[in-house]
$ cat input-v4.cif   # mmCIF, C-alpha atoms
data_query
#
loop_
_atom_site.label_atom_id
_atom_site.label_comp_id
_atom_site.auth_asym_id
_atom_site.auth_seq_id
_atom_site.Cartn_x
_atom_site.Cartn_y
_atom_site.Cartn_z
CA MET M 12 110.53 11.42 -9.22
CA ALA M 13 113.04 13.31 -11.32
CA GLU M 14 116.09 14.71 -9.62
CA THR M 15 117.59 18.14 -10.15
CA THR M 16 120.54 20.15 -8.90
CA LYS M 17 120.47 23.39 -6.90
CA GLY M 18 123.51 25.52 -6.18
CA PHE M 19 123.93 28.57 -4.00
CA LYS M 20 126.66 30.72 -2.51
CA MET M 21 127.62 30.63 1.17
CA THR M 22 130.54 31.56 3.36
CA ASP M 23 133.38 29.10 3.83
CA ASP M 24 132.48 28.89 7.53
CA LEU M 25 128.87 27.89 6.80
CA LYS M 26 130.01 25.38 4.18
CA ASN M 27 132.39 23.78 6.68
CA ARG M 28 129.70 23.68 9.40
CA ILE M 29 127.25 22.03 7.01
CA ASN M 30 129.83 19.51 5.78
CA ASN M 31 130.88 18.66 9.34
CA THR M 32 127.26 18.21 10.38
CA ILE M 33 126.51 15.99 7.38
CA GLU M 34 129.60 13.88 8.09
CA ALA M 35 128.69 13.53 11.77
CA SER M 36 125.15 12.47 10.86
CA GLY M 37 126.31 9.56 8.73
CA MET M 38 123.77 10.57 6.09
CA THR M 39 124.32 11.37 2.44
CA ASP M 40 124.23 15.03 1.47
CA LYS M 41 120.86 14.50 -0.22
CA ASP M 42 119.33 12.67 2.77
CA TRP M 43 120.66 15.31 5.19
CA ILE M 44 119.17 18.18 3.17
CA GLU M 45 115.84 16.36 3.08
CA ALA M 46 115.93 15.70 6.85
CA VAL M 47 116.82 19.31 7.66
CA THR M 48 114.08 20.60 5.36
CA ASN M 49 111.53 18.27 6.95
CA LEU M 50 112.63 19.44 10.39
CA TRP M 51 112.22 23.07 9.39
CA VAL M 52 108.74 22.39 7.96
CA MET M 53 107.77 20.55 11.15
CA GLN M 54 108.98 23.46 13.32
CA ASP M 55 107.10 25.91 11.11
CA MET M 56 103.92 23.86 11.45
CA LYS M 57 104.40 23.66 15.22
CA ASN M 58 104.71 27.44 15.44
CA GLY M 59 101.75 28.02 13.12
CA MET M 60 99.41 25.54 14.79
CA PRO M 61 99.79 25.85 18.56
CA ASP M 62 96.90 23.41 19.13
CA PHE M 63 99.00 20.65 17.56
CA GLN M 64 102.34 21.63 19.14
CA LYS M 65 102.22 18.86 21.77
CA ASP M 66 101.19 16.23 19.20
CA ILE M 67 103.95 17.25 16.79
CA SER M 68 106.54 17.24 19.57
CA GLU M 69 105.49 13.74 20.59
CA LEU M 70 105.66 12.58 16.97
CA GLU M 71 109.17 14.04 16.70
CA LEU M 72 110.20 12.13 19.82
CA HIS M 73 109.07 8.83 18.30
CA THR M 74 110.52 9.44 14.83
CA ASN M 75 113.95 10.61 15.95
#
$ encode --input "input-v4.cif" --output "structure tokens"
Amino acid sequence: MAETTKGFKMTDDLKNRINNTIEASGMTDKDWIEAVTNLWVMQDMKNGMPDFQKDISELELHTN
């Protein structure tokens, strides 16, 4: 898959929080962004499909 670059503006405080979180995770910037995005999508699915909320939570437990 081709890779691309995305840039956006943020406050210095948010940038520092993100950088500190990435550093603490031990992940690369790219891997961290992907993990956070996947987490957000999973949470969104959990909220949108209450019937699967328990299943998704259990899956999260096993994959984290």
$ residues_around --input "input-v4.cif" --residues "range 37-46 of chain M" --least-positions-apart "3" --cutoff "12 Å" --atoms "all atoms listed in the file" --output "PDB file with C-alpha atoms, keeping the file's coordinate frame"
ATOM      1  CA  GLU M  14     116.090  14.710  -9.620  1.00  0.00           C
ATOM      2  CA  THR M  15     117.590  18.140 -10.150  1.00  0.00           C
ATOM      3  CA  THR M  16     120.540  20.150  -8.900  1.00  0.00           C
ATOM      4  CA  LYS M  17     120.470  23.390  -6.900  1.00  0.00           C
ATOM      5  CA  ILE M  29     127.250  22.030   7.010  1.00  0.00           C
ATOM      6  CA  ASN M  30     129.830  19.510   5.780  1.00  0.00           C
ATOM      7  CA  ASN M  31     130.880  18.660   9.340  1.00  0.00           C
ATOM      8  CA  THR M  32     127.260  18.210  10.380  1.00  0.00           C
ATOM      9  CA  ILE M  33     126.510  15.990   7.380  1.00  0.00           C
ATOM     10  CA  GLU M  34     129.600  13.880   8.090  1.00  0.00           C
ATOM     11  CA  ASN M  49     111.530  18.270   6.950  1.00  0.00           C
ATOM     12  CA  LEU M  50     112.630  19.440  10.390  1.00  0.00           C
ATOM     13  CA  TRP M  51     112.220  23.070   9.390  1.00  0.00           C
ATOM     14  CA  VAL M  52     108.740  22.390   7.960  1.00  0.00           C
ATOM     15  CA  MET M  53     107.770  20.550  11.150  1.00  0.00           C
ATOM     16  CA  THR M  74     110.520   9.440  14.830  1.00  0.00           C
ATOM     17  CA  ASN M  75     113.950  10.610  15.950  1.00  0.00           C
TER      18      ASN M  75
END
$ atom_distance --input "input-v4.cif" --atom1 "CA of Glu69 in chain M" --atom2 "CA of Met56 in chain M"
13.7 Å
$ atom_distance --input "input-v4.cif" --atom1 "CA of Val47 in chain M" --atom2 "CA of Leu70 in chain M"
16.0 Å
$ axis_aligned_box --input "input-v4.cif" --around "range 51-56 of chain M" --padding-each-side "5 Å" --output "lines of an AutoDock Vina configuration file"
center_x = 108.1
center_y = 23.2
center_z = 10.6
size_x = 18.3
size_y = 15.4
size_z = 15.4
$ residues_around --input "input-v4.cif" --residues "Ile67 in chain M" --least-positions-apart "5" --cutoff "10 Å" --atoms "all atoms listed in the file" --output "CSV table (one decimal) with C-alpha atoms, keeping the file's coordinate frame"
chain,number,residue,atom,x,y,z
M,53,MET,CA,107.8,20.6,11.2
M,54,GLN,CA,109.0,23.5,13.3
M,56,MET,CA,103.9,23.9,11.4
M,57,LYS,CA,104.4,23.7,15.2
M,60,MET,CA,99.4,25.5,14.8
M,61,PRO,CA,99.8,25.8,18.6
M,62,ASP,CA,96.9,23.4,19.1
M,72,LEU,CA,110.2,12.1,19.8
M,73,HIS,CA,109.1,8.8,18.3
$ atom_distance --input "input-v4.cif" --atom1 "CA of Ala35 in chain M" --atom2 "CA of Asp55 in chain M"
24.9 Å
$ build_atoms --input "input-v4.cif" --residues "range 40-56 of chain M" --atoms "N, CA, C and O atoms" --output "compact mmCIF listing (two decimals), keeping the file's coordinate frame"
# COMPACT_ATOMS: atom_id res chain seq x y z
N ASP M 40 124.57 13.61 1.58
CA ASP M 40 124.23 15.03 1.47
C ASP M 40 122.74 15.20 1.17
O ASP M 40 122.05 16.01 1.78
N LYS M 41 122.26 14.43 0.21
CA LYS M 41 120.86 14.50 -0.22
C LYS M 41 119.91 14.16 0.93
O LYS M 41 118.94 14.88 1.18
N ASP M 42 120.19 13.07 1.65
CA ASP M 42 119.33 12.67 2.77
C ASP M 42 119.36 13.71 3.89
O ASP M 42 118.34 13.99 4.52
N TRP M 43 120.53 14.30 4.14
CA TRP M 43 120.66 15.31 5.19
C TRP M 43 119.84 16.55 4.85
O TRP M 43 119.11 17.07 5.70
N ILE M 44 119.94 17.01 3.61
CA ILE M 44 119.17 18.18 3.17
C ILE M 44 117.67 17.91 3.32
O ILE M 44 116.91 18.76 3.80
N GLU M 45 117.25 16.71 2.94
CA GLU M 45 115.84 16.36 3.08
C GLU M 45 115.42 16.34 4.55
O GLU M 45 114.36 16.87 4.92
N ALA M 46 116.25 15.77 5.42
CA ALA M 46 115.93 15.70 6.85
C ALA M 46 115.87 17.10 7.46
O ALA M 46 114.96 17.39 8.24
N VAL M 47 116.81 17.95 7.12
CA VAL M 47 116.82 19.31 7.66
C VAL M 47 115.61 20.09 7.17
O VAL M 47 114.96 20.81 7.93
N THR M 48 115.26 19.92 5.91
CA THR M 48 114.08 20.60 5.36
C THR M 48 112.82 20.11 6.05
O THR M 48 111.95 20.92 6.43
N ASN M 49 112.70 18.81 6.25
CA ASN M 49 111.53 18.27 6.95
C ASN M 49 111.45 18.79 8.38
O ASN M 49 110.36 19.09 8.87
N LEU M 50 112.59 18.90 9.04
CA LEU M 50 112.63 19.44 10.39
C LEU M 50 112.16 20.89 10.41
O LEU M 50 111.36 21.28 11.27
N TRP M 51 112.63 21.68 9.46
CA TRP M 51 112.22 23.07 9.39
C TRP M 51 110.71 23.18 9.16
O TRP M 51 110.03 23.98 9.81
N VAL M 52 110.18 22.38 8.24
CA VAL M 52 108.74 22.39 7.96
C VAL M 52 107.96 22.01 9.22
O VAL M 52 106.95 22.63 9.55
N MET M 53 108.43 21.00 9.93
CA MET M 53 107.77 20.55 11.15
C MET M 53 107.77 21.67 12.20
O MET M 53 106.75 21.93 12.85
N GLN M 54 108.90 22.34 12.37
CA GLN M 54 108.98 23.46 13.32
C GLN M 54 108.04 24.58 12.91
O GLN M 54 107.37 25.19 13.76
N ASP M 55 107.98 24.86 11.61
CA ASP M 55 107.10 25.91 11.11
C ASP M 55 105.64 25.56 11.39
O ASP M 55 104.85 26.42 11.80
N MET M 56 105.28 24.30 11.17
CA MET M 56 103.92 23.86 11.45
C MET M 56 103.62 23.96 12.94
O MET M 56 102.53 24.37 13.34
